[in-house]
Amino acid sequence: MDIKKALYLEQDATYKYHQVKIYQPGDIYQYDNGEEEKIVFLDKGAALIQAQGRDSDWISHDLVTPKYIISLENMMTNVYVPSYLIYRVKFVETSKMYIVNREYFLNHLYLNPLDFQEFFESLGIKYINKTRMVAVSNERPLIKVANSLFAIIYTLHPNTQIKLCELPSYVTQKFISEYSSTGKARTSEALKLLEIMGIVEQKKPLKINVEKLSSFISDDH
């Protein structure tokens, strides 16, 4: 079931418990520690979660699609959240974002847990992807880039077993480099190797043979 339907947001006609915002590609939503009582998620579109690196550059760490909770830490009511947790959301598609009062969100979650199945599944996907990336963090660039591509595809198409995937234009070499924590030059080399292996079938737009990618990752481990 759709999260916004599970929350009965259409009944909150006066927007007492939620806000709706529309963003265009390139727009920024700056997360603020003062917003700890808000749950944020997309209804449509896509965005990148970015945090500041050592040189104050904004580095992309995650991809957010509909039904993914952006401000997941705001679900916690009994656990301390470090004040230095600062990030922003950069939109890469025209997106519709919901900002919901935390108490309102949790009350509906407790009342109708089965209606939030897609939400729990999205948490599982995030956990699987992060675990995968930590597991290969010390591997050679080829392995890190291959696993990053698989994680991105799994985020975009969690419910389907696809054989070939054309990635959106915002999945650039720069994003793959940041997502995999691999230098730009090493990422470029890895993509060239994946192209030789027949895993990258096309560079612009990036088209991936998912069957070959899955086999390569499985064989490597």
# chains A, B, ... in the order shown; residues from 1 in each chain; ligands from 1
call {"tool": "select_by_dssp", "arguments": {"residues": "stretch 12-221 of chain A", "states": "alpha helix (DSSP H)", "output": "NGL selection string"}}
result
:A and (102-111 or 117-135 or 141-156 or 173-179 or 184-196 or 210-220)
call {"tool": "residues_around", "arguments": {"residues": "stretch 89-101 of chain A", "least_positions_apart": "2", "cutoff": "8 Å", "atoms": "only C-alpha atoms", "output": "number ranges by chain"}}
result
A: 17-31, 37-50, 87, 103-105, 170
call {"tool": "write_last_selection", "arguments": {"atoms": "N, CA, C and O atoms", "output": "compact mmCIF listing (two decimals), in the first residue's frame"}}
result
# COMPACT_ATOMS: atom_id res chain seq x y z
N TYR A 17 -1.00 18.35 9.69
CA TYR A 17 0.02 17.36 10.05
C TYR A 17 1.02 17.07 8.93
O TYR A 17 1.92 16.26 9.12
N HIS A 18 0.88 17.71 7.79
CA HIS A 18 1.83 17.44 6.71
C HIS A 18 1.94 18.61 5.74
O HIS A 18 1.07 19.48 5.69
N GLN A 19 3.02 18.60 4.98
CA GLN A 19 3.24 19.56 3.90
C GLN A 19 3.58 18.78 2.63
O GLN A 19 4.08 17.66 2.70
N VAL A 20 3.29 19.39 1.49
CA VAL A 20 3.65 18.81 0.21
C VAL A 20 4.47 19.84 -0.56
O VAL A 20 4.06 21.00 -0.67
N LYS A 21 5.61 19.42 -1.07
CA LYS A 21 6.47 20.34 -1.82
C LYS A 21 6.88 19.71 -3.15
O LYS A 21 7.12 18.50 -3.22
N ILE A 22 6.97 20.55 -4.17
CA ILE A 22 7.40 20.11 -5.50
C ILE A 22 8.80 20.67 -5.77
O ILE A 22 9.05 21.86 -5.56
N TYR A 23 9.68 19.80 -6.24
CA TYR A 23 11.06 20.21 -6.54
C TYR A 23 11.40 19.85 -7.97
O TYR A 23 10.92 18.84 -8.51
N GLN A 24 12.26 20.66 -8.57
CA GLN A 24 12.74 20.43 -9.93
C GLN A 24 14.19 19.92 -9.88
O GLN A 24 14.87 20.11 -8.87
N PRO A 25 14.67 19.29 -10.95
CA PRO A 25 16.05 18.83 -10.98
C PRO A 25 17.03 19.96 -10.65
O PRO A 25 16.92 21.06 -11.18
N GLY A 26 17.94 19.68 -9.74
CA GLY A 26 18.91 20.69 -9.31
C GLY A 26 18.52 21.41 -8.04
O GLY A 26 19.37 22.02 -7.38
N ASP A 27 17.23 21.34 -7.66
CA ASP A 27 16.79 21.97 -6.41
C ASP A 27 17.39 21.24 -5.21
O ASP A 27 17.69 20.04 -5.27
N ILE A 28 17.52 21.96 -4.10
CA ILE A 28 18.12 21.43 -2.89
C ILE A 28 17.14 21.53 -1.72
O ILE A 28 16.49 22.57 -1.53
N TYR A 29 17.02 20.47 -0.96
CA TYR A 29 16.31 20.51 0.32
C TYR A 29 17.37 20.31 1.39
O TYR A 29 18.02 19.27 1.47
N GLN A 30 17.60 21.33 2.19
CA GLN A 30 18.64 21.29 3.22
C GLN A 30 18.05 20.76 4.51
O GLN A 30 17.18 21.39 5.12
N TYR A 31 18.53 19.59 4.93
CA TYR A 31 18.07 19.03 6.19
C TYR A 31 18.58 19.88 7.35
O TYR A 31 19.72 20.32 7.35
N GLU A 37 11.31 16.42 14.34
CA GLU A 37 9.95 15.90 14.53
C GLU A 37 9.21 15.76 13.20
O GLU A 37 7.98 15.68 13.17
N LYS A 38 9.97 15.69 12.09
CA LYS A 38 9.35 15.55 10.77
C LYS A 38 9.88 14.31 10.06
O LYS A 38 11.07 14.01 10.11
N ILE A 39 8.97 13.59 9.42
CA ILE A 39 9.32 12.43 8.60
C ILE A 39 9.18 12.85 7.14
O ILE A 39 8.13 13.36 6.74
N VAL A 40 10.24 12.67 6.37
CA VAL A 40 10.27 13.16 4.99
C VAL A 40 10.40 11.99 4.02
O VAL A 40 11.25 11.11 4.20
N PHE A 41 9.57 11.97 2.98
CA PHE A 41 9.67 10.93 1.96
C PHE A 41 9.17 11.45 0.62
O PHE A 41 8.41 12.44 0.56
N LEU A 42 9.58 10.80 -0.45
CA LEU A 42 9.14 11.17 -1.79
C LEU A 42 7.90 10.39 -2.17
O LEU A 42 7.76 9.20 -1.84
N ASP A 43 7.01 11.05 -2.90
CA ASP A 43 5.86 10.39 -3.50
C ASP A 43 6.17 10.03 -4.95
O ASP A 43 5.73 9.03 -5.48
N LYS A 44 6.95 10.88 -5.60
CA LYS A 44 7.42 10.59 -6.95
C LYS A 44 8.72 11.34 -7.19
O LYS A 44 9.04 12.31 -6.50
N GLY A 45 9.49 10.85 -8.17
CA GLY A 45 10.75 11.49 -8.50
C GLY A 45 11.95 10.74 -7.93
O GLY A 45 11.85 9.58 -7.54
N ALA A 46 13.09 11.40 -7.88
CA ALA A 46 14.32 10.80 -7.36
C ALA A 46 15.24 11.90 -6.86
O ALA A 46 15.19 13.04 -7.33
N ALA A 47 16.08 11.55 -5.91
CA ALA A 47 17.01 12.53 -5.33
C ALA A 47 18.25 11.82 -4.82
O ALA A 47 18.26 10.61 -4.61
N LEU A 48 19.30 12.61 -4.61
CA LEU A 48 20.54 12.11 -4.06
C LEU A 48 20.71 12.63 -2.63
O LEU A 48 20.42 13.79 -2.37
N ILE A 49 21.14 11.77 -1.73
CA ILE A 49 21.48 12.20 -0.37
C ILE A 49 22.95 12.58 -0.38
O ILE A 49 23.81 11.77 -0.76
N GLN A 50 23.25 13.80 0.03
CA GLN A 50 24.62 14.29 -0.01
C GLN A 50 25.07 14.76 1.38
O GLN A 50 24.29 15.35 2.12
N TYR A 87 23.00 16.77 6.41
CA TYR A 87 23.04 16.37 5.01
C TYR A 87 22.00 17.15 4.23
O TYR A 87 21.21 17.91 4.80
N GLU A 103 4.75 12.41 15.19
CA GLU A 103 3.76 11.77 16.05
C GLU A 103 2.59 11.24 15.23
O GLU A 103 2.10 10.12 15.46
N TYR A 104 2.17 12.02 14.26
CA TYR A 104 1.08 11.59 13.37
C TYR A 104 1.49 10.34 12.60
O TYR A 104 0.72 9.38 12.49
N PHE A 105 2.72 10.35 12.08
CA PHE A 105 3.24 9.21 11.31
C PHE A 105 3.29 7.94 12.17
O PHE A 105 2.81 6.88 11.77
N TYR A 170 21.02 10.78 -14.45
CA TYR A 170 21.69 11.31 -13.27
C TYR A 170 22.68 10.31 -12.66
O TYR A 170 23.47 10.66 -11.78
call {"tool": "atom_distance", "arguments": {"atom1": "atom CA of A:Gln173", "atom2": "atom CA of A:Asn159"}}
result
25.3 Å
call {"tool": "select_by_dssp", "arguments": {"residues": "stretch 2-37 of chain A", "states": "strand (DSSP E or B)", "output": "PyMOL selection string"}}
result
chain A and resi 18-23+28-30
call {"tool": "write_last_selection", "arguments": {"atoms": "C-alpha atoms", "output": "PDB file, in the first residue's frame"}}
result
ATOM      1  CA  HIS A  18       1.833  17.438   6.714  1.00  0.00           C
ATOM      2  CA  GLN A  19       3.241  19.560   3.898  1.00  0.00           C
ATOM      3  CA  VAL A  20       3.652  18.808   0.207  1.00  0.00           C
ATOM      4  CA  LYS A  21       6.469  20.339  -1.822  1.00  0.00           C
ATOM      5  CA  ILE A  22       7.399  20.111  -5.498  1.00  0.00           C
ATOM      6  CA  TYR A  23      11.056  20.210  -6.537  1.00  0.00           C
ATOM      7  CA  ILE A  28      18.115  21.426  -2.886  1.00  0.00           C
ATOM      8  CA  TYR A  29      16.312  20.508   0.322  1.00  0.00           C
ATOM      9  CA  GLN A  30      18.639  21.289   3.220  1.00  0.00           C
TER      10      GLN A  30
END
call {"tool": "atom_distance", "arguments": {"atom1": "atom CA of A:Lys212", "atom2": "atom CA of A:Pro141"}}
result
17.7 Å
call {"tool": "closest_residue", "arguments": {"among": "A:Ile176, A:Ile153, A:Leu72, A:Leu142", "to": "A:Leu193", "atoms": "only C-alpha atoms"}}
result
A:Leu142
call {"tool": "atom_distance", "arguments": {"atom1": "atom CA of A:Ser218", "atom2": "atom CA of A:Thr155"}}
result
18.5 Å
call {"tool": "closest_residue", "arguments": {"among": "A:Val64, A:Ile196, A:Ile69, A:Met76", "to": "A:Ala151", "atoms": "only C-alpha atoms"}}
result
A:Val64
call {"tool": "residues_around", "arguments": {"residues": "A:Met75", "least_positions_apart": "4", "cutoff": "8 Å", "atoms": "only C-alpha atoms", "output": "PyMOL selection string"}}
result
chain A and resi 39+71+102+106
